[in-house]
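Before any comments, here is the structure.
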Amino acid sequence: MTAIQFIERDGKREFAVIPIELYERLSAAFEDAEEATLFDAARAADDGFRIPAAVANALLDGEQPVKVWREHRGLTQELLAATAGISKAYLCQIETRKRTGAMKTLKALADALAVSIDDLRDDLRDD
């Protein structure tokens with residue numbers, strides 16, 4: 001390895017000139033360490049919840065959130081309605097946007113689908 005050259009001012013080392021190979025290795029190591037720090041911070045803040053691509057795409061396409069999550073979970077309307085303590089007809093009306101659903105109902109549906117009530121919000125559409 002080539003020696004490091006020092007530049008002094010008033011008898012004290014103020015700058016170091018290093019070979020480009022060493023600079024590139026140090027720079028790469030610093031970037032790796034910085035990325036690892038960012039990754040660790042993201043992992044520490046992670047709540048573990050992910051939205052699968054198929055669900056995200058369906059929601060972005062404007063599909064009704066309760067229906068999207070129900071289908072993603074592989075539940076029938078009958079099973080979800082029974083689990084949430086509502087009638088199948090009421091669930092059907094929510095999924096077809098004929099009714100919005102009371103907050104208590106949406107909470108029960110969210111619990112049954114293992115999602116946040118915010119994930120079932122249907123008021124974010126562009127229409």
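Chain labels A, B, ... are given in the sequence in which chains occur in the structure tokens; within each chain residues are numbered consecutively from 1, and ligands are likewise numbered from 1 in the order shown.
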Practice task
Run DSSP on the backbone of this structure and report the residues of chain A it assigns to alpha helix (DSSP H), as number ranges by chain.
Solution key: A: 20-45, 53-60, 65-72, 77-84, 88-95, 103-113
I want to know what sits within 10 Å of range 74-91 of chain A, based on only C-alpha atoms, with residues of the same chain fewer than 2 positions away left out; could you give that as an mmCIF file with C-alpha atoms, in the first residue's frame?
```
data_model
loop_
_atom_site.group_PDB
_atom_site.id
_atom_site.type_symbol
_atom_site.label_atom_id
_atom_site.label_comp_id
_atom_site.auth_asym_id
_atom_site.auth_seq_id
_atom_site.Cartn_x
_atom_site.Cartn_y
_atom_site.Cartn_z
ATOM 1 C CA VAL A 66 -63.595 -4.570 3.148
ATOM 2 C CA LYS A 67 -64.152 -6.746 0.098
ATOM 3 C CA VAL A 68 -60.471 -6.606 -0.885
ATOM 4 C CA TRP A 69 -59.278 -7.646 2.581
ATOM 5 C CA ARG A 70 -61.995 -10.313 2.913
ATOM 6 C CA GLU A 71 -60.973 -11.896 -0.375
ATOM 7 C CA HIS A 72 -57.294 -11.629 0.526
ATOM 8 C CA GLN A 93 -74.277 -3.502 1.309
ATOM 9 C CA ILE A 94 -70.944 -2.278 2.699
ATOM 10 C CA GLU A 95 -68.963 -4.127 0.026
ATOM 11 C CA THR A 96 -71.167 -2.738 -2.758
ATOM 12 C CA ARG A 97 -71.014 0.762 -1.255
ATOM 13 C CA LYS A 98 -74.761 0.952 -0.657
ATOM 14 C CA ARG A 99 -74.002 1.594 3.024
ATOM 15 C CA THR A 100 -70.858 2.898 4.682
ATOM 16 C CA GLY A 101 -71.111 0.951 7.918
ATOM 17 C CA LYS A 104 -68.763 -0.100 15.597
ATOM 18 C CA THR A 105 -69.351 -2.318 12.561
ATOM 19 C CA LEU A 106 -66.137 -1.231 10.853
ATOM 20 C CA LYS A 107 -64.211 -1.915 14.080
ATOM 21 C CA ALA A 108 -65.694 -5.420 14.252
ATOM 22 C CA LEU A 109 -64.817 -6.023 10.589
ATOM 23 C CA ALA A 110 -61.284 -4.708 11.116
ATOM 24 C CA ASP A 111 -60.813 -7.030 14.092
ATOM 25 C CA ALA A 112 -62.145 -9.995 12.108
ATOM 26 C CA LEU A 113 -59.832 -9.184 9.185
#
```
Completion exercise
Using only C-alpha atoms, the best pick from A:Ala54, A:Ile4, A:Glu34, A:Gly62 as closest to Leu22 in chain A would be A:Ile4
Handout entry: 12 Å contact set for Glu21 in chain A, only C-alpha atoms, chain neighbours under 3 positions out, as a list in words
Key =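 The filter keeps Met1, Thr2, Ala3, Ile4, Val17, Ile18, Glu24, Arg25, Leu26, Ser27 and Ala28 of chain A.
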I need the chosen residues saved as a PDB file, in the first residue's frame, with N, CA and C atoms.
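Saved the output as selection28.pdb:
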```
ATOM      1  N   MET A   1       0.847  -1.169   0.000  1.00  0.00           N
ATOM      2  CA  MET A   1       0.000   0.000   0.000  1.00  0.00           C
ATOM      3  C   MET A   1       0.897   1.238   0.000  1.00  0.00           C
ATOM      4  N   THR A   2       0.465   2.233  -0.753  1.00  0.00           N
ATOM      5  CA  THR A   2       1.213   3.473  -0.847  1.00  0.00           C
ATOM      6  C   THR A   2       1.050   4.257   0.448  1.00  0.00           C
ATOM      7  N   ALA A   3       2.069   4.946   0.806  1.00  0.00           N
ATOM      8  CA  ALA A   3       2.045   5.709   2.053  1.00  0.00           C
ATOM      9  C   ALA A   3       1.077   6.879   1.960  1.00  0.00           C
ATOM     10  N   ILE A   4       0.571   7.229   3.094  1.00  0.00           N
ATOM     11  CA  ILE A   4      -0.319   8.382   3.192  1.00  0.00           C
ATOM     12  C   ILE A   4       0.547   9.623   3.321  1.00  0.00           C
ATOM     13  N   VAL A  17      -3.490  12.967   2.464  1.00  0.00           N
ATOM     14  CA  VAL A  17      -3.713  12.591   1.073  1.00  0.00           C
ATOM     15  C   VAL A  17      -3.518  11.078   1.018  1.00  0.00           C
ATOM     16  N   ILE A  18      -4.570  10.390   0.545  1.00  0.00           N
ATOM     17  CA  ILE A  18      -4.510   8.924   0.519  1.00  0.00           C
ATOM     18  C   ILE A  18      -4.677   8.418  -0.909  1.00  0.00           C
ATOM     19  N   GLU A  24     -11.570   4.740  -2.033  1.00  0.00           N
ATOM     20  CA  GLU A  24     -12.749   4.024  -2.509  1.00  0.00           C
ATOM     21  C   GLU A  24     -13.187   2.949  -1.523  1.00  0.00           C
ATOM     22  N   ARG A  25     -12.226   2.236  -0.927  1.00  0.00           N
ATOM     23  CA  ARG A  25     -12.565   1.218   0.074  1.00  0.00           C
ATOM     24  C   ARG A  25     -13.190   1.854   1.313  1.00  0.00           C
ATOM     25  N   LEU A  26     -12.608   2.956   1.771  1.00  0.00           N
ATOM     26  CA  LEU A  26     -13.153   3.651   2.941  1.00  0.00           C
ATOM     27  C   LEU A  26     -14.555   4.204   2.650  1.00  0.00           C
ATOM     28  N   SER A  27     -14.708   4.752   1.463  1.00  0.00           N
ATOM     29  CA  SER A  27     -15.999   5.306   1.069  1.00  0.00           C
ATOM     30  C   SER A  27     -17.062   4.209   1.015  1.00  0.00           C
ATOM     31  N   ALA A  28     -16.741   3.061   0.431  1.00  0.00           N
ATOM     32  CA  ALA A  28     -17.678   1.941   0.351  1.00  0.00           C
ATOM     33  C   ALA A  28     -18.023   1.430   1.750  1.00  0.00           C
TER      34      ALA A  28
END
```
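Across A:Ala114, A:Ala16, A:Ala29, A:Ile7, the tightest approach to Arg50 in chain A is made by A:Ala114 when counting only C-alpha atoms.
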Practice task
Could you pull out the residues in range 3-122 of chain A that DSSP calls strand (DSSP E or B) from the backbone, as a PyMOL selection string?
Solution key: chain A and resi 5-9+12-17
Could you save those same residues with N, CA and C atoms as an mmCIF file, in the first residue's frame?
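Wrote it out as selection26.cif, contents follow:
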```
data_model
loop_
_atom_site.group_PDB
_atom_site.id
_atom_site.type_symbol
_atom_site.label_atom_id
_atom_site.label_comp_id
_atom_site.auth_asym_id
_atom_site.auth_seq_id
_atom_site.Cartn_x
_atom_site.Cartn_y
_atom_site.Cartn_z
ATOM 1 N N GLN A 5 0.197 10.658 2.573
ATOM 2 C CA GLN A 5 0.938 11.912 2.620
ATOM 3 C C GLN A 5 0.175 12.876 3.526
ATOM 4 N N PHE A 6 0.887 13.512 4.428
ATOM 5 C CA PHE A 6 0.260 14.471 5.333
ATOM 6 C C PHE A 6 0.656 15.880 4.948
ATOM 7 N N ILE A 7 -0.290 16.775 5.088
ATOM 8 C CA ILE A 7 -0.019 18.195 4.859
ATOM 9 C C ILE A 7 -0.139 18.874 6.220
ATOM 10 N N GLU A 8 0.902 19.602 6.545
ATOM 11 C CA GLU A 8 0.959 20.229 7.867
ATOM 12 C C GLU A 8 0.768 21.727 7.771
ATOM 13 N N ARG A 9 0.290 22.266 8.873
ATOM 14 C CA ARG A 9 0.183 23.710 9.011
ATOM 15 C C ARG A 9 0.618 24.024 10.430
ATOM 16 N N LYS A 12 1.530 21.024 12.598
ATOM 17 C CA LYS A 12 0.533 20.023 12.975
ATOM 18 C C LYS A 12 -0.108 19.450 11.718
ATOM 19 N N ARG A 13 -0.350 18.159 11.742
ATOM 20 C CA ARG A 13 -1.014 17.524 10.604
ATOM 21 C C ARG A 13 -2.435 18.062 10.469
ATOM 22 N N GLU A 14 -2.724 18.584 9.279
ATOM 23 C CA GLU A 14 -4.046 19.156 9.054
ATOM 24 C C GLU A 14 -4.820 18.401 7.982
ATOM 25 N N PHE A 15 -4.142 17.811 7.019
ATOM 26 C CA PHE A 15 -4.781 17.066 5.939
ATOM 27 C C PHE A 15 -4.006 15.785 5.687
ATOM 28 N N ALA A 16 -4.732 14.794 5.123
ATOM 29 C CA ALA A 16 -4.076 13.549 4.719
ATOM 30 C C ALA A 16 -4.465 13.282 3.267
ATOM 31 N N VAL A 17 -3.490 12.967 2.464
ATOM 32 C CA VAL A 17 -3.713 12.591 1.073
ATOM 33 C C VAL A 17 -3.518 11.078 1.018
#
```
